[in-house]
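File shown: protein.pdb. Contents: PDB, C-alpha atoms.
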ATOM      1  CA  MET A   1      14.845  17.630 -16.062  1.00  0.00           C
ATOM      2  CA  VAL A   2      15.161  18.446 -12.367  1.00  0.00           C
ATOM      3  CA  THR A   3      12.539  15.817 -11.584  1.00  0.00           C
ATOM      4  CA  HIS A   4      14.501  13.192 -13.462  1.00  0.00           C
ATOM      5  CA  THR A   5      17.739  14.157 -11.743  1.00  0.00           C
ATOM      6  CA  SER A   6      16.230  14.067  -8.262  1.00  0.00           C
ATOM      7  CA  ALA A   7      14.533  10.745  -8.991  1.00  0.00           C
ATOM      8  CA  THR A   8      17.879   9.350 -10.127  1.00  0.00           C
ATOM      9  CA  VAL A   9      19.686  10.637  -7.063  1.00  0.00           C
ATOM     10  CA  SER A  10      17.048   9.357  -4.642  1.00  0.00           C
ATOM     11  CA  THR A  11      16.925   5.979  -6.389  1.00  0.00           C
ATOM     12  CA  ALA A  12      20.695   5.622  -6.314  1.00  0.00           C
ATOM     13  CA  ALA A  13      20.830   6.772  -2.703  1.00  0.00           C
ATOM     14  CA  PHE A  14      18.083   4.327  -1.728  1.00  0.00           C
ATOM     15  CA  ALA A  15      19.859   1.484  -3.529  1.00  0.00           C
ATOM     16  CA  ALA A  16      23.099   2.367  -1.753  1.00  0.00           C
ATOM     17  CA  LYS A  17      21.347   2.273   1.643  1.00  0.00           C
ATOM     18  CA  ALA A  18      19.489  -0.941   0.816  1.00  0.00           C
ATOM     19  CA  ALA A  19      22.658  -3.032   0.898  1.00  0.00           C
ATOM     20  CA  PRO A  20      26.396  -2.571   0.699  1.00  0.00           C
ATOM     21  CA  ALA A  21      27.999  -2.618  -2.726  1.00  0.00           C
ATOM     22  CA  ALA A  22      28.862  -6.104  -3.849  1.00  0.00           C
ATOM     23  CA  ASP A  23      31.883  -7.341  -5.744  1.00  0.00           C
ATOM     24  CA  PRO A  24      30.376  -8.777  -8.973  1.00  0.00           C
ATOM     25  CA  ALA A  25      33.148 -11.343  -9.139  1.00  0.00           C
ATOM     26  CA  ALA A  26      32.312 -12.493  -5.600  1.00  0.00           C
ATOM     27  CA  LEU A  27      28.648 -13.086  -6.422  1.00  0.00           C
ATOM     28  CA  ALA A  28      27.851 -16.289  -8.245  1.00  0.00           C
ATOM     29  CA  GLY A  29      25.569 -15.928 -11.272  1.00  0.00           C
ATOM     30  CA  PRO A  30      22.238 -16.742  -9.592  1.00  0.00           C
ATOM     31  CA  LEU A  31      23.060 -14.632  -6.505  1.00  0.00           C
ATOM     32  CA  ARG A  32      24.019 -11.669  -8.679  1.00  0.00           C
ATOM     33  CA  VAL A  33      20.787 -11.932 -10.660  1.00  0.00           C
ATOM     34  CA  GLN A  34      18.732 -12.269  -7.442  1.00  0.00           C
ATOM     35  CA  ARG A  35      20.451  -9.220  -5.952  1.00  0.00           C
ATOM     36  CA  ALA A  36      19.786  -7.267  -9.181  1.00  0.00           C
ATOM     37  CA  TRP A  37      16.056  -8.038  -8.885  1.00  0.00           C
ATOM     38  CA  GLU A  38      16.139  -6.715  -5.299  1.00  0.00           C
ATOM     39  CA  VAL A  39      17.875  -3.511  -6.411  1.00  0.00           C
ATOM     40  CA  LEU A  40      15.384  -3.007  -9.255  1.00  0.00           C
ATOM     41  CA  SER A  41      12.593  -2.999  -6.666  1.00  0.00           C
ATOM     42  CA  THR A  42      14.079   0.294  -5.436  1.00  0.00           C
ATOM     43  CA  VAL A  43      14.153   2.045  -8.842  1.00  0.00           C
ATOM     44  CA  LEU A  44      11.133   4.332  -8.986  1.00  0.00           C
ATOM     45  CA  ASP A  45       9.210   5.143 -12.139  1.00  0.00           C
ATOM     46  CA  PRO A  46      10.002   8.803 -12.997  1.00  0.00           C
ATOM     47  CA  GLU A  47       6.398   9.576 -13.998  1.00  0.00           C
ATOM     48  CA  VAL A  48       4.775   7.792 -11.046  1.00  0.00           C
ATOM     49  CA  PRO A  49       7.433   7.853  -8.308  1.00  0.00           C
ATOM     50  CA  ALA A  50       5.258   5.868  -5.906  1.00  0.00           C
ATOM     51  CA  VAL A  51       5.847   2.595  -7.715  1.00  0.00           C
ATOM     52  CA  SER A  52       9.043   0.801  -8.732  1.00  0.00           C
ATOM     53  CA  VAL A  53       9.783  -0.183 -12.304  1.00  0.00           C
ATOM     54  CA  ARG A  54       9.666  -3.789 -11.110  1.00  0.00           C
ATOM     55  CA  ASP A  55       6.184  -3.393  -9.556  1.00  0.00           C
ATOM     56  CA  LEU A  56       5.034  -1.557 -12.680  1.00  0.00           C
ATOM     57  CA  GLY A  57       5.928  -4.702 -14.613  1.00  0.00           C
ATOM     58  CA  ILE A  58       8.300  -3.142 -17.107  1.00  0.00           C
ATOM     59  CA  VAL A  59      11.298  -5.189 -15.922  1.00  0.00           C
ATOM     60  CA  ARG A  60      10.730  -8.406 -17.845  1.00  0.00           C
ATOM     61  CA  ASP A  61      13.949 -10.276 -17.149  1.00  0.00           C
ATOM     62  CA  VAL A  62      17.394 -10.062 -15.575  1.00  0.00           C
ATOM     63  CA  ARG A  63      19.996 -12.492 -16.845  1.00  0.00           C
ATOM     64  CA  LEU A  64      23.717 -12.921 -17.242  1.00  0.00           C
ATOM     65  CA  ALA A  65      25.171 -12.118 -20.652  1.00  0.00           C
ATOM     66  CA  GLY A  66      28.812 -13.078 -20.357  1.00  0.00           C
ATOM     67  CA  ASP A  67      30.223 -11.110 -17.415  1.00  0.00           C
ATOM     68  CA  ALA A  68      27.500  -8.436 -17.646  1.00  0.00           C
ATOM     69  CA  LEU A  69      23.936  -8.305 -16.389  1.00  0.00           C
ATOM     70  CA  GLU A  70      21.307  -7.839 -19.062  1.00  0.00           C
ATOM     71  CA  VAL A  71      18.112  -6.148 -17.901  1.00  0.00           C
ATOM     72  CA  VAL A  72      15.179  -6.555 -20.279  1.00  0.00           C
ATOM     73  CA  LEU A  73      12.674  -3.681 -20.126  1.00  0.00           C
ATOM     74  CA  THR A  74       9.324  -3.342 -21.893  1.00  0.00           C
ATOM     75  CA  PRO A  75       8.209   0.307 -21.982  1.00  0.00           C
ATOM     76  CA  THR A  76       4.582   0.999 -21.075  1.00  0.00           C
ATOM     77  CA  TYR A  77       4.157   2.125 -24.667  1.00  0.00           C
ATOM     78  CA  SER A  78       6.621   2.469 -27.545  1.00  0.00           C
ATOM     79  CA  GLY A  79       6.722   6.274 -27.451  1.00  0.00           C
ATOM     80  CA  CYS A  80       7.066   6.589 -23.667  1.00  0.00           C
ATOM     81  CA  PRO A  81       9.292   9.616 -23.014  1.00  0.00           C
ATOM     82  CA  ALA A  82      10.481   8.194 -19.680  1.00  0.00           C
ATOM     83  CA  THR A  83      12.182   5.172 -21.262  1.00  0.00           C
ATOM     84  CA  GLU A  84      15.635   6.788 -21.418  1.00  0.00           C
ATOM     85  CA  VAL A  85      15.368   8.005 -17.818  1.00  0.00           C
ATOM     86  CA  ILE A  86      14.302   4.551 -16.642  1.00  0.00           C
ATOM     87  CA  GLU A  87      17.201   2.941 -18.503  1.00  0.00           C
ATOM     88  CA  HIS A  88      19.619   5.419 -16.893  1.00  0.00           C
ATOM     89  CA  ASP A  89      18.147   4.908 -13.404  1.00  0.00           C
ATOM     90  CA  VAL A  90      18.285   1.106 -13.712  1.00  0.00           C
ATOM     91  CA  LEU A  91      21.951   1.148 -14.740  1.00  0.00           C
ATOM     92  CA  ALA A  92      22.836   3.716 -12.046  1.00  0.00           C
ATOM     93  CA  ALA A  93      21.177   1.659  -9.302  1.00  0.00           C
ATOM     94  CA  LEU A  94      22.967  -1.512 -10.392  1.00  0.00           C
ATOM     95  CA  ARG A  95      26.279   0.367 -10.553  1.00  0.00           C
ATOM     96  CA  VAL A  96      25.798   1.876  -7.052  1.00  0.00           C
ATOM     97  CA  ALA A  97      24.984  -1.604  -5.726  1.00  0.00           C
ATOM     98  CA  GLY A  98      28.243  -2.901  -7.215  1.00  0.00           C
ATOM     99  CA  LEU A  99      26.496  -5.238  -9.642  1.00  0.00           C
ATOM    100  CA  GLY A 100      27.907  -3.848 -12.909  1.00  0.00           C
ATOM    101  CA  PRO A 101      28.741  -4.143 -15.646  1.00  0.00           C
ATOM    102  CA  ALA A 102      25.183  -4.126 -16.949  1.00  0.00           C
ATOM    103  CA  HIS A 103      23.239  -3.114 -20.019  1.00  0.00           C
ATOM    104  CA  VAL A 104      19.565  -2.695 -20.892  1.00  0.00           C
ATOM    105  CA  THR A 105      17.714  -4.346 -23.750  1.00  0.00           C
ATOM    106  CA  LEU A 106      14.361  -2.859 -24.772  1.00  0.00           C
ATOM    107  CA  GLN A 107      11.802  -5.498 -25.709  1.00  0.00           C
ATOM    108  CA  ARG A 108       8.623  -4.129 -27.264  1.00  0.00           C
ATOM    109  CA  ALA A 109       6.907  -7.432 -27.988  1.00  0.00           C
ATOM    110  CA  PRO A 110       4.863  -8.653 -26.348  1.00  0.00           C
ATOM    111  CA  ALA A 111       3.546  -5.179 -25.599  1.00  0.00           C
ATOM    112  CA  TRP A 112       3.350  -4.086 -21.968  1.00  0.00           C
ATOM    113  CA  THR A 113      -0.016  -4.606 -20.321  1.00  0.00           C
ATOM    114  CA  THR A 114      -1.465  -3.352 -17.056  1.00  0.00           C
ATOM    115  CA  ASP A 115      -1.867  -7.031 -16.147  1.00  0.00           C
ATOM    116  CA  TRP A 116       1.874  -6.957 -15.378  1.00  0.00           C
ATOM    117  CA  ILE A 117       1.475  -4.461 -12.524  1.00  0.00           C
ATOM    118  CA  THR A 118       1.981  -6.360  -9.263  1.00  0.00           C
ATOM    119  CA  GLU A 119      -0.541  -6.312  -6.423  1.00  0.00           C
ATOM    120  CA  GLN A 120       1.956  -4.258  -4.412  1.00  0.00           C
ATOM    121  CA  GLY A 121       2.226  -1.849  -7.351  1.00  0.00           C
ATOM    122  CA  ARG A 122      -1.566  -1.509  -7.543  1.00  0.00           C
ATOM    123  CA  ALA A 123      -1.724  -0.804  -3.804  1.00  0.00           C
ATOM    124  CA  ARG A 124       1.001   1.835  -4.107  1.00  0.00           C
ATOM    125  CA  LEU A 125      -0.797   3.501  -7.036  1.00  0.00           C
ATOM    126  CA  LEU A 126      -3.968   3.676  -4.963  1.00  0.00           C
ATOM    127  CA  ALA A 127      -2.121   5.099  -1.951  1.00  0.00           C
ATOM    128  CA  TYR A 128      -0.525   7.689  -4.275  1.00  0.00           C
ATOM    129  CA  GLY A 129      -3.967   8.813  -5.461  1.00  0.00           C
ATOM    130  CA  ILE A 130      -4.098   7.008  -8.821  1.00  0.00           C
ATOM    131  CA  ALA A 131      -6.929   4.567  -9.430  1.00  0.00           C
ATOM    132  CA  PRO A 132      -5.191   1.374 -10.558  1.00  0.00           C
ATOM    133  CA  PRO A 133      -6.580  -0.577 -13.490  1.00  0.00           C
ATOM    134  CA  GLY A 134      -8.841  -3.434 -12.521  1.00  0.00           C
ATOM    135  CA  PRO A 135      -8.719  -6.875 -14.068  1.00  0.00           C
ATOM    136  CA  LEU A 136     -10.788  -7.383 -17.185  1.00  0.00           C
ATOM    137  CA  PRO A 137     -12.859 -10.562 -17.219  1.00  0.00           C
ATOM    138  CA  ALA A 138     -12.006 -12.849 -20.120  1.00  0.00           C
ATOM    139  CA  GLY A 139     -13.925 -12.010 -23.263  1.00  0.00           C
ATOM    140  CA  THR A 140     -14.606  -8.383 -22.297  1.00  0.00           C
ATOM    141  CA  GLU A 141     -11.496  -6.909 -23.890  1.00  0.00           C
ATOM    142  CA  VAL A 142     -12.090  -3.929 -26.146  1.00  0.00           C
ATOM    143  CA  PRO A 143      -9.731  -1.875 -28.284  1.00  0.00           C
ATOM    144  CA  LEU A 144      -8.164   1.126 -26.581  1.00  0.00           C
ATOM    145  CA  ARG A 145      -9.846   4.149 -28.136  1.00  0.00           C
ATOM    146  CA  PHE A 146      -8.323   7.586 -27.948  1.00  0.00           C
ATOM    147  CA  MET A 147     -11.451   9.251 -29.323  1.00  0.00           C
ATOM    148  CA  PRO A 148     -14.566   8.153 -27.425  1.00  0.00           C
ATOM    149  CA  ARG A 149     -17.530   6.820 -29.361  1.00  0.00           C
ATOM    150  CA  ALA A 150     -20.706   8.908 -29.196  1.00  0.00           C
ATOM    151  CA  ASN A 151     -22.528   6.276 -27.133  1.00  0.00           C
ATOM    152  CA  ALA A 152     -19.538   5.271 -24.991  1.00  0.00           C
ATOM    153  CA  VAL A 153     -19.881   5.531 -21.233  1.00  0.00           C
ATOM    154  CA  ALA A 154     -16.736   5.922 -19.153  1.00  0.00           C
ATOM    155  CA  PRO A 155     -16.423   3.253 -16.455  1.00  0.00           C
ATOM    156  CA  SER A 156     -17.439   4.165 -12.926  1.00  0.00           C
ATOM    157  CA  LEU A 157     -14.311   4.149 -10.802  1.00  0.00           C
ATOM    158  CA  ALA A 158     -13.866   4.242  -7.053  1.00  0.00           C
ATOM    159  CA  CYS A 159     -12.188   7.426  -5.868  1.00  0.00           C
ATOM    160  CA  PRO A 160      -8.734   6.534  -4.483  1.00  0.00           C
ATOM    161  CA  ARG A 161      -9.168   9.149  -1.747  1.00  0.00           C
ATOM    162  CA  CYS A 162     -12.679   8.570  -0.355  1.00  0.00           C
ATOM    163  CA  GLY A 163     -13.836   5.379  -2.132  1.00  0.00           C
ATOM    164  CA  SER A 164     -16.979   6.909  -3.640  1.00  0.00           C
ATOM    165  CA  LEU A 165     -18.227   5.483  -6.938  1.00  0.00           C
ATOM    166  CA  GLU A 166     -19.694   8.856  -7.855  1.00  0.00           C
ATOM    167  CA  THR A 167     -16.942   9.868 -10.253  1.00  0.00           C
ATOM    168  CA  GLU A 168     -16.745  11.395 -13.706  1.00  0.00           C
ATOM    169  CA  ARG A 169     -14.114  11.393 -16.423  1.00  0.00           C
ATOM    170  CA  LEU A 170     -12.823  14.876 -17.172  1.00  0.00           C
ATOM    171  CA  SER A 171     -10.349  13.943 -19.889  1.00  0.00           C
ATOM    172  CA  ALA A 172      -9.337  10.822 -21.779  1.00  0.00           C
ATOM    173  CA  PHE A 173      -5.733  11.791 -21.018  1.00  0.00           C
ATOM    174  CA  GLY A 174      -4.014  12.581 -17.747  1.00  0.00           C
ATOM    175  CA  SER A 175      -0.381  13.574 -17.304  1.00  0.00           C
ATOM    176  CA  THR A 176       0.583  10.748 -19.682  1.00  0.00           C
ATOM    177  CA  ALA A 177      -1.217   8.973 -22.523  1.00  0.00           C
ATOM    178  CA  CYS A 178      -1.660   5.816 -20.429  1.00  0.00           C
ATOM    179  CA  LYS A 179      -3.753   7.624 -17.800  1.00  0.00           C
ATOM    180  CA  ALA A 180      -7.143   9.389 -17.834  1.00  0.00           C
ATOM    181  CA  LEU A 181      -8.237  12.280 -15.611  1.00  0.00           C
ATOM    182  CA  TYR A 182     -11.269  11.822 -13.344  1.00  0.00           C
ATOM    183  CA  ARG A 183     -12.972  13.796 -10.566  1.00  0.00           C
ATOM    184  CA  CYS A 184     -14.824  12.509  -7.540  1.00  0.00           C
ATOM    185  CA  LEU A 185     -18.260  14.096  -7.187  1.00  0.00           C
ATOM    186  CA  ALA A 186     -18.363  13.294  -3.451  1.00  0.00           C
ATOM    187  CA  CYS A 187     -15.054  14.767  -2.234  1.00  0.00           C
ATOM    188  CA  ARG A 188     -14.488  16.909  -5.381  1.00  0.00           C
ATOM    189  CA  GLU A 189     -10.866  15.763  -5.680  1.00  0.00           C
ATOM    190  CA  PRO A 190      -9.355  15.053  -9.113  1.00  0.00           C
ATOM    191  CA  PHE A 191      -7.475  11.802  -9.665  1.00  0.00           C
ATOM    192  CA  GLU A 192      -5.830   9.884 -12.450  1.00  0.00           C
ATOM    193  CA  HIS A 193      -6.684   6.363 -13.582  1.00  0.00           C
ATOM    194  CA  PHE A 194      -4.254   3.967 -15.245  1.00  0.00           C
ATOM    195  CA  LYS A 195      -6.074   2.781 -18.372  1.00  0.00           C
ATOM    196  CA  PRO A 196      -6.281  -0.993 -18.647  1.00  0.00           C
ATOM    197  CA  LEU A 197      -4.099  -1.947 -21.606  1.00  0.00           C
TER
END
Could you rewrite the structure in this file as structure tokens?
Amino acid sequence: MVTHTSATVSTAAFAAKAAPAADPAALAGPLRVQRAWEVLSTVLDPEVPAVSVRDLGIVRDVRLAGDALEVVLTPTYSGCPATEVIEHDVLAALRVAGLGPAHVTLQRAPAWTTDWITEQGRARLLAYGIAPPGPLPAGTEVPLRFMPRANAVAPSLACPRCGSLETERLSAFGSTACKALYRCLACREPFEHFKPL
């Protein structure tokens, strides 16, 4: 809980420093929506605080719904425990920026995919020590398996710290179900990898 609280405080503080609070009535519809997108770039993911929820690709839309902003979020997976924290942080950041009233709508279809992570988000994951998912060439998609097949070989990943391709998977799961735990055999450092979904 402390992590969530500090993430919320730092996000709100960052949003407050990013720009002065606006009067929602003074901002025309398109300007208010544009400003909301800018603010959402400052809301950090509570599980991976190096990347914003916008760069992670879970913010699908921002639109006006009457006099309120509607923020459409797609969780990384339907059981993601951070969803409530993200919803709270998004609304807090918009409130601090003076863009309220606002509400969040959760949209689970289409399902979130790692293809929605921005290039900036991928670079931030790498700098944070998480190997970002690479693009999958068309026609090479495979089902996500939680139990590896006997003849399955884990992909060779570049270590985000030293760049070596001499890595091994230690566990199919990292700190969350959407990540796997690897170790670099060159520098001996562990790292997580966002699974391509």
Looking at A:Asp61, A:Asp67, A:Asp45, A:Glu168, which one is nearest to Leu181 of chain A, with distances taken over all atoms listed in the file?
A:Glu168
On this structure, the PyMOL selection byres ((chain A and resi 182-185) around 10) would catch which residues? List them as an MDAnalysis selection string, sorted by chain and number.
chainID A and resid 130:131 154 156:174 179:181 186:193
Resulting file, chosen residues, C-alpha atoms, as a PDB file, in the frame of the given file:
ATOM      1  CA  ILE A 130      -4.098   7.008  -8.821  1.00  0.00           C
ATOM      2  CA  ALA A 131      -6.929   4.567  -9.430  1.00  0.00           C
ATOM      3  CA  ALA A 154     -16.736   5.922 -19.153  1.00  0.00           C
ATOM      4  CA  SER A 156     -17.439   4.165 -12.926  1.00  0.00           C
ATOM      5  CA  LEU A 157     -14.311   4.149 -10.802  1.00  0.00           C
ATOM      6  CA  ALA A 158     -13.866   4.242  -7.053  1.00  0.00           C
ATOM      7  CA  CYS A 159     -12.188   7.426  -5.868  1.00  0.00           C
ATOM      8  CA  PRO A 160      -8.734   6.534  -4.483  1.00  0.00           C
ATOM      9  CA  ARG A 161      -9.168   9.149  -1.747  1.00  0.00           C
ATOM     10  CA  CYS A 162     -12.679   8.570  -0.355  1.00  0.00           C
ATOM     11  CA  GLY A 163     -13.836   5.379  -2.132  1.00  0.00           C
ATOM     12  CA  SER A 164     -16.979   6.909  -3.640  1.00  0.00           C
ATOM     13  CA  LEU A 165     -18.227   5.483  -6.938  1.00  0.00           C
ATOM     14  CA  GLU A 166     -19.694   8.856  -7.855  1.00  0.00           C
ATOM     15  CA  THR A 167     -16.942   9.868 -10.253  1.00  0.00           C
ATOM     16  CA  GLU A 168     -16.745  11.395 -13.706  1.00  0.00           C
ATOM     17  CA  ARG A 169     -14.114  11.393 -16.423  1.00  0.00           C
ATOM     18  CA  LEU A 170     -12.823  14.876 -17.172  1.00  0.00           C
ATOM     19  CA  SER A 171     -10.349  13.943 -19.889  1.00  0.00           C
ATOM     20  CA  ALA A 172      -9.337  10.822 -21.779  1.00  0.00           C
ATOM     21  CA  PHE A 173      -5.733  11.791 -21.018  1.00  0.00           C
ATOM     22  CA  GLY A 174      -4.014  12.581 -17.747  1.00  0.00           C
ATOM     23  CA  LYS A 179      -3.753   7.624 -17.800  1.00  0.00           C
ATOM     24  CA  ALA A 180      -7.143   9.389 -17.834  1.00  0.00           C
ATOM     25  CA  LEU A 181      -8.237  12.280 -15.611  1.00  0.00           C
ATOM     26  CA  ALA A 186     -18.363  13.294  -3.451  1.00  0.00           C
ATOM     27  CA  CYS A 187     -15.054  14.767  -2.234  1.00  0.00           C
ATOM     28  CA  ARG A 188     -14.488  16.909  -5.381  1.00  0.00           C
ATOM     29  CA  GLU A 189     -10.866  15.763  -5.680  1.00  0.00           C
ATOM     30  CA  PRO A 190      -9.355  15.053  -9.113  1.00  0.00           C
ATOM     31  CA  PHE A 191      -7.475  11.802  -9.665  1.00  0.00           C
ATOM     32  CA  GLU A 192      -5.830   9.884 -12.450  1.00  0.00           C
ATOM     33  CA  HIS A 193      -6.684   6.363 -13.582  1.00  0.00           C
TER      34      HIS A 193
END
Within 12 Å of (12.0, -16.4, -17.0) (file coordinates; all atoms listed in the file), which protein or nucleic acid residues are there? I'd like them as a PyMOL selection string.
chain A and resi 33+59-63+71-72
Which residues fall under the PyMOL selection byres ((chain A and resi 39) around 8) in this file, as an NGL selection string?
:A and (15 or 18 or 35-38 or 40-43 or 93-94 or 97)
Run the PyMOL selection byres ((chain A and resi 73) around 12) against the file shown and list the residues it catches, as a ChimeraX atom specification.
/A:40,53-54,56-63,70-72,74-78,83-84,86-88,90-91,103-112
From the block you just saw, export segment 58-112 of chain A: C-alpha atoms, as a CSV table (one decimal), in the first residue's frame.
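Saved to selection_8.csv:
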chain,number,residue,atom,x,y,z
A,58,ILE,CA,-3.5,1.2,-21.5
A,59,VAL,CA,-5.0,4.7,-22.0
A,60,ARG,CA,-7.1,4.0,-25.1
A,61,ASP,CA,-9.1,7.2,-25.4
A,62,VAL,CA,-9.9,10.5,-23.8
A,63,ARG,CA,-13.2,12.2,-24.8
A,64,LEU,CA,-15.8,14.5,-23.5
A,65,ALA,CA,-19.0,13.0,-22.0
A,66,GLY,CA,-21.2,15.9,-21.3
A,67,ASP,CA,-19.2,18.3,-19.0
A,68,ALA,CA,-16.9,15.5,-17.8
A,69,LEU,CA,-13.8,13.8,-19.3
A,70,GLU,CA,-14.1,10.1,-19.9
A,71,VAL,CA,-10.8,8.2,-19.9
A,72,VAL,CA,-11.0,4.8,-21.4
A,73,LEU,CA,-8.5,2.3,-19.9
A,74,THR,CA,-7.7,-1.2,-21.1
A,75,PRO,CA,-6.0,-3.2,-18.3
A,76,THR,CA,-2.9,-5.2,-19.3
A,77,TYR,CA,-5.0,-8.3,-18.3
A,78,SER,CA,-8.5,-8.6,-16.8
A,79,GLY,CA,-7.2,-9.7,-13.4
A,80,CYS,CA,-4.5,-7.0,-13.1
A,81,PRO,CA,-4.4,-6.0,-9.4
A,82,ALA,CA,-3.1,-2.5,-10.3
A,83,THR,CA,-6.2,-1.5,-12.2
A,84,GLU,CA,-7.9,0.3,-9.2
A,85,VAL,CA,-4.7,2.1,-8.4
A,86,ILE,CA,-4.3,3.2,-12.0
A,87,GLU,CA,-7.9,4.4,-12.1
A,88,HIS,CA,-7.3,6.4,-8.8
A,89,ASP,CA,-4.0,7.9,-10.1
A,90,VAL,CA,-5.5,8.9,-13.4
A,91,LEU,CA,-8.5,10.7,-11.7
A,92,ALA,CA,-6.2,12.3,-9.1
A,93,ALA,CA,-3.8,13.7,-11.8
A,94,LEU,CA,-6.7,15.1,-13.8
A,95,ARG,CA,-8.2,16.7,-10.7
A,96,VAL,CA,-4.8,18.3,-9.6
A,97,ALA,CA,-4.4,19.7,-13.2
A,98,GLY,CA,-7.9,21.3,-12.9
A,99,LEU,CA,-9.4,19.2,-15.6
A,100,GLY,CA,-12.2,17.5,-13.7
A,101,PRO,CA,-14.8,16.3,-13.5
A,102,ALA,CA,-13.7,13.0,-15.0
A,103,HIS,CA,-14.5,9.4,-14.8
A,104,VAL,CA,-12.8,6.2,-16.0
A,105,THR,CA,-14.4,3.5,-18.2
A,106,LEU,CA,-12.7,0.1,-18.3
A,107,GLN,CA,-12.7,-1.5,-21.8
A,108,ARG,CA,-11.5,-5.1,-21.9
A,109,ALA,CA,-12.1,-5.7,-25.6
A,110,PRO,CA,-10.1,-5.6,-27.6
A,111,ALA,CA,-7.6,-7.1,-25.1
A,112,TRP,CA,-4.5,-5.1,-24.3
